[in-house]
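**Student:** Have a look at this one before I ask anything.
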Amino acid sequence: MVSTFQNYTRYLVIVLFALFLAACETVPNDSATSTSSTSSSTAAIEIQDGVYVGSDTIEMLAVDVPDRIFFAYDSYSLTKAAQDTLEKQAKWLKANGSATIAIEGHADERGTREYNLALGDRRANAAKDYLMTQGISSSRVTTISFGKERPVNSGSNKKAWAQNRRSVTVRTN
């Protein structure tokens, strides 16, 4: 028969093991600033206030006109950097009067499919609305949401999520 002391010892070992595992858990925090090392020993900021600010996923709509903007977690508010990019896109669209575009809205993998499709739609429309304030006709801009279905980075970490929270401007003609 097992003594009370042995039962107590087993219970204590189980509790200590559970506490050890809980202490090892990592919880993502989108509001924290993330850094990563570059090839030199200096650190480059890639995520600031939950918004991706790196350059490794940015392509160009035209020379010196980035094709995408990034959003904070669960947000469709335009940052100053996003507004600057959209102003460059508006300037390019004004110089290319026959060009039409589609703005694709995207979200990270977290959340339901339906929620992320709606969020992607709000992101694409926020970009379209800003272009309209810059004098671009709504007839030249269509929007589509892909939600979480087309990630640019398939990772499950802060950097991947920040890169996937975006809208991308694509020339349609």
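So you can find residues: chains in the structure tokens are A, B, ... in the order shown, residues in each start at 1, and ligands are numbered from 1 in order.
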Find the residues of stretch 97-119 of chain A that sit at most 10 Å from stretch 148-152 of chain A; for each, write down the nearest two atoms and how far apart they are in Å, to one decimal. Count only C-alpha atoms. Sort by chain, then by number going up, and give it as a tab-separated table.

**Tutor:**
```
residue	atom	partner	partner_atom	distance
A:Gly105	CA	A:Lys148	CA	9.3
A:His106	CA	A:Lys148	CA	6.0
A:Ala107	CA	A:Lys148	CA	4.9
A:Asp108	CA	A:Lys148	CA	5.3
A:Glu109	CA	A:Lys148	CA	5.3
A:Arg110	CA	A:Lys148	CA	8.0
A:Gly111	CA	A:Lys148	CA	8.7
A:Thr112	CA	A:Lys148	CA	8.8
A:Arg113	CA	A:Lys148	CA	6.9
A:Glu114	CA	A:Lys148	CA	9.5
A:Tyr115	CA	A:Lys148	CA	9.5
A:Asn116	CA	A:Lys148	CA	6.1
A:Leu117	CA	A:Lys148	CA	7.2
A:Leu119	CA	A:Lys148	CA	9.6
```

**Student:** Those same residues, written as an mmCIF file, in the first residue's frame with N, CA and C atoms?

**Tutor:**
```
data_model
loop_
_atom_site.group_PDB
_atom_site.id
_atom_site.type_symbol
_atom_site.label_atom_id
_atom_site.label_comp_id
_atom_site.auth_asym_id
_atom_site.auth_seq_id
_atom_site.Cartn_x
_atom_site.Cartn_y
_atom_site.Cartn_z
ATOM 1 N N GLY A 105 -7.108 43.299 -49.952
ATOM 2 C CA GLY A 105 -7.002 43.361 -48.499
ATOM 3 C C GLY A 105 -6.657 41.996 -47.939
ATOM 4 N N HIS A 106 -5.715 41.975 -46.986
ATOM 5 C CA HIS A 106 -5.246 40.726 -46.395
ATOM 6 C C HIS A 106 -5.212 40.818 -44.875
ATOM 7 N N ALA A 107 -5.245 39.657 -44.227
ATOM 8 C CA ALA A 107 -5.173 39.578 -42.765
ATOM 9 C C ALA A 107 -4.210 38.458 -42.381
ATOM 10 N N ASP A 108 -3.830 38.428 -41.101
ATOM 11 C CA ASP A 108 -2.981 37.317 -40.663
ATOM 12 C C ASP A 108 -3.855 36.100 -40.365
ATOM 13 N N GLU A 109 -3.234 35.018 -39.972
ATOM 14 C CA GLU A 109 -3.923 33.732 -39.827
ATOM 15 C C GLU A 109 -4.864 33.640 -38.635
ATOM 16 N N ARG A 110 -4.743 34.552 -37.698
ATOM 17 C CA ARG A 110 -5.562 34.473 -36.492
ATOM 18 C C ARG A 110 -6.974 34.969 -36.774
ATOM 19 N N GLY A 111 -7.944 34.368 -36.148
ATOM 20 C CA GLY A 111 -9.337 34.742 -36.362
ATOM 21 C C GLY A 111 -10.011 33.822 -37.362
ATOM 22 N N THR A 112 -11.331 33.933 -37.421
ATOM 23 C CA THR A 112 -12.088 33.074 -38.328
ATOM 24 C C THR A 112 -11.944 33.552 -39.766
ATOM 25 N N ARG A 113 -12.265 32.684 -40.679
ATOM 26 C CA ARG A 113 -12.207 33.018 -42.103
ATOM 27 C C ARG A 113 -13.109 34.213 -42.399
ATOM 28 N N GLU A 114 -14.328 34.173 -41.874
ATOM 29 C CA GLU A 114 -15.298 35.240 -42.128
ATOM 30 C C GLU A 114 -14.827 36.573 -41.557
ATOM 31 N N TYR A 115 -14.312 36.541 -40.339
ATOM 32 C CA TYR A 115 -13.853 37.775 -39.711
ATOM 33 C C TYR A 115 -12.698 38.382 -40.522
ATOM 34 N N ASN A 116 -11.755 37.549 -40.939
ATOM 35 C CA ASN A 116 -10.600 38.039 -41.679
ATOM 36 C C ASN A 116 -10.970 38.524 -43.080
ATOM 37 N N LEU A 117 -11.975 37.921 -43.704
ATOM 38 C CA LEU A 117 -12.445 38.438 -44.991
ATOM 39 C C LEU A 117 -13.034 39.842 -44.814
ATOM 40 N N LEU A 119 -12.284 41.970 -42.368
ATOM 41 C CA LEU A 119 -11.187 42.865 -42.018
ATOM 42 C C LEU A 119 -10.369 43.226 -43.260
#
```

**Student:** Counting only C-alpha atoms, which residues in stretch 99-171 of chain A sit no more than 10 Å from stretch 59-77 of chain A? For each one, give the nearest pair of atoms and the distance in Å, sorted by chain then residue number, as CSV.

**Tutor:**
```
residue,atom,partner,partner_atom,distance
A:Ile101,CA,A:Leu61,CA,9.9
A:Ile103,CA,A:Arg68,CA,9.0
A:Glu104,CA,A:Arg68,CA,9.1
A:Gly105,CA,A:Tyr76,CA,9.7
A:His106,CA,A:Phe70,CA,9.4
A:Ala107,CA,A:Asp74,CA,8.5
A:Asp108,CA,A:Tyr73,CA,8.5
A:Arg110,CA,A:Asp74,CA,9.6
A:Gly111,CA,A:Asp74,CA,9.5
A:Tyr115,CA,A:Asp74,CA,10.0
A:Asn116,CA,A:Asp74,CA,9.1
A:Leu119,CA,A:Tyr76,CA,7.2
A:Gly120,CA,A:Tyr76,CA,8.2
A:Asp121,CA,A:Tyr76,CA,9.2
A:Arg122,CA,A:Tyr76,CA,6.1
A:Arg123,CA,A:Tyr76,CA,4.8
A:Ala124,CA,A:Tyr76,CA,8.4
A:Asn125,CA,A:Tyr76,CA,8.9
A:Ala126,CA,A:Tyr76,CA,6.7
A:Ala127,CA,A:Ile69,CA,8.5
A:Trp161,CA,A:Tyr73,CA,8.4
A:Ala162,CA,A:Ala72,CA,7.3
A:Gln163,CA,A:Phe70,CA,7.1
A:Asn164,CA,A:Phe70,CA,8.0
A:Arg165,CA,A:Phe71,CA,5.4
A:Arg166,CA,A:Phe70,CA,4.3
A:Ser167,CA,A:Arg68,CA,5.5
A:Val168,CA,A:Arg68,CA,4.3
A:Thr169,CA,A:Asp67,CA,5.1
A:Val170,CA,A:Leu61,CA,7.0
A:Arg171,CA,A:Leu61,CA,7.3
```

**Student:** How many Å lie between atom CA of A:Val53 and atom CA of A:Asn153, rounded to one decimal?

**Tutor:**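 Value for the atom CA of A:Val53-atom CA of A:Asn153 distance: 14.6 Å.
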
**Student:** Taking only C-alpha atoms into account, name the residue in A:Ile47, A:Leu131, A:Ile144, A:Ile136 that is nearest to A:Lys94.

**Tutor:** A:Ile136

**Student:** Using Å and a single decimal, report how far atom CA of A:Ala90 sits from atom CA of A:Phe146.

**Tutor:**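 About the pair atom CA of A:Phe146 and atom CA of A:Ala90: they are 23.0 Å apart.
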
**Student:** As an MDAnalysis selection string, which residues of stretch 58-140 of chain A does DSSP assign to helix (DSSP H, G or I)?

**Tutor:** chainID A and resid 80:95 113:133 138:140

**Student:** For those residues, write N, CA and C atoms to a file as a short mmCIF file (atom, residue, chain, number, x, y, z; two decimals), in the first residue's frame.

**Tutor:**
```cif
data_model
loop_
_atom_site.label_atom_id
_atom_site.label_comp_id
_atom_site.auth_asym_id
_atom_site.auth_seq_id
_atom_site.Cartn_x
_atom_site.Cartn_y
_atom_site.Cartn_z
N LYS A 80 0.93 56.69 -40.68
CA LYS A 80 1.57 57.76 -41.45
C LYS A 80 2.35 57.17 -42.62
N ALA A 81 3.05 56.07 -42.38
CA ALA A 81 3.81 55.41 -43.46
C ALA A 81 2.86 54.92 -44.56
N ALA A 82 1.70 54.39 -44.18
CA ALA A 82 0.72 53.93 -45.17
C ALA A 82 0.20 55.11 -45.98
N GLN A 83 -0.09 56.22 -45.32
CA GLN A 83 -0.56 57.41 -46.03
C GLN A 83 0.50 57.92 -47.01
N ASP A 84 1.76 57.90 -46.58
CA ASP A 84 2.85 58.33 -47.47
C ASP A 84 2.92 57.45 -48.72
N THR A 85 2.78 56.14 -48.54
CA THR A 85 2.80 55.22 -49.67
C THR A 85 1.61 55.46 -50.59
N LEU A 86 0.43 55.65 -50.01
CA LEU A 86 -0.76 55.89 -50.81
C LEU A 86 -0.67 57.22 -51.57
N GLU A 87 -0.01 58.21 -50.99
CA GLU A 87 0.20 59.48 -51.69
C GLU A 87 1.11 59.27 -52.90
N LYS A 88 2.12 58.42 -52.77
CA LYS A 88 2.97 58.09 -53.92
C LYS A 88 2.16 57.36 -55.00
N GLN A 89 1.28 56.45 -54.56
CA GLN A 89 0.44 55.74 -55.52
C GLN A 89 -0.51 56.70 -56.22
N ALA A 90 -1.08 57.65 -55.48
CA ALA A 90 -1.99 58.62 -56.08
C ALA A 90 -1.25 59.48 -57.11
N LYS A 91 -0.05 59.89 -56.78
CA LYS A 91 0.75 60.71 -57.72
C LYS A 91 1.00 59.91 -59.00
N TRP A 92 1.35 58.63 -58.84
CA TRP A 92 1.58 57.78 -60.01
C TRP A 92 0.30 57.60 -60.82
N LEU A 93 -0.83 57.38 -60.13
CA LEU A 93 -2.10 57.21 -60.83
C LEU A 93 -2.50 58.48 -61.60
N LYS A 94 -2.21 59.63 -61.03
CA LYS A 94 -2.51 60.89 -61.72
C LYS A 94 -1.65 61.04 -62.97
N ALA A 95 -0.41 60.60 -62.91
CA ALA A 95 0.49 60.67 -64.06
C ALA A 95 0.16 59.62 -65.11
N ARG A 113 -12.27 32.68 -40.68
CA ARG A 113 -12.21 33.02 -42.10
C ARG A 113 -13.11 34.21 -42.40
N GLU A 114 -14.33 34.17 -41.87
CA GLU A 114 -15.30 35.24 -42.13
C GLU A 114 -14.83 36.57 -41.56
N TYR A 115 -14.31 36.54 -40.34
CA TYR A 115 -13.85 37.78 -39.71
C TYR A 115 -12.70 38.38 -40.52
N ASN A 116 -11.76 37.55 -40.94
CA ASN A 116 -10.60 38.04 -41.68
C ASN A 116 -10.97 38.52 -43.08
N LEU A 117 -11.97 37.92 -43.70
CA LEU A 117 -12.44 38.44 -44.99
C LEU A 117 -13.03 39.84 -44.81
N ALA A 118 -13.81 40.04 -43.74
CA ALA A 118 -14.39 41.36 -43.47
C ALA A 118 -13.29 42.38 -43.15
N LEU A 119 -12.28 41.97 -42.37
CA LEU A 119 -11.19 42.86 -42.02
C LEU A 119 -10.37 43.23 -43.26
N GLY A 120 -10.10 42.25 -44.11
CA GLY A 120 -9.39 42.52 -45.36
C GLY A 120 -10.16 43.49 -46.24
N ASP A 121 -11.48 43.36 -46.26
CA ASP A 121 -12.31 44.28 -47.02
C ASP A 121 -12.22 45.70 -46.46
N ARG A 122 -12.25 45.84 -45.14
CA ARG A 122 -12.13 47.17 -44.52
C ARG A 122 -10.75 47.77 -44.82
N ARG A 123 -9.71 46.96 -44.82
CA ARG A 123 -8.36 47.45 -45.12
C ARG A 123 -8.27 47.93 -46.57
N ALA A 124 -8.77 47.15 -47.50
CA ALA A 124 -8.73 47.55 -48.91
C ALA A 124 -9.54 48.82 -49.12
N ASN A 125 -10.69 48.92 -48.50
CA ASN A 125 -11.52 50.12 -48.66
C ASN A 125 -10.92 51.33 -47.97
N ALA A 126 -10.18 51.14 -46.88
CA ALA A 126 -9.49 52.28 -46.24
C ALA A 126 -8.45 52.85 -47.20
N ALA A 127 -7.73 51.98 -47.90
CA ALA A 127 -6.74 52.44 -48.89
C ALA A 127 -7.44 53.12 -50.06
N LYS A 128 -8.53 52.54 -50.55
CA LYS A 128 -9.28 53.15 -51.66
C LYS A 128 -9.81 54.52 -51.24
N ASP A 129 -10.39 54.62 -50.07
CA ASP A 129 -10.94 55.90 -49.60
C ASP A 129 -9.86 56.96 -49.52
N TYR A 130 -8.66 56.57 -49.07
CA TYR A 130 -7.58 57.55 -48.98
C TYR A 130 -7.15 58.00 -50.38
N LEU A 131 -7.07 57.08 -51.32
CA LEU A 131 -6.74 57.46 -52.70
C LEU A 131 -7.78 58.42 -53.26
N MET A 132 -9.04 58.20 -52.92
CA MET A 132 -10.10 59.10 -53.38
C MET A 132 -9.92 60.50 -52.80
N THR A 133 -9.45 60.61 -51.56
CA THR A 133 -9.21 61.94 -50.97
C THR A 133 -8.05 62.64 -51.68
N SER A 138 -13.11 56.87 -58.01
CA SER A 138 -13.44 55.53 -57.50
C SER A 138 -13.64 54.53 -58.64
N SER A 139 -13.94 55.01 -59.85
CA SER A 139 -14.13 54.11 -60.99
C SER A 139 -12.82 53.46 -61.45
N ARG A 140 -11.70 53.99 -61.01
CA ARG A 140 -10.39 53.43 -61.38
C ARG A 140 -9.88 52.42 -60.36
#
```
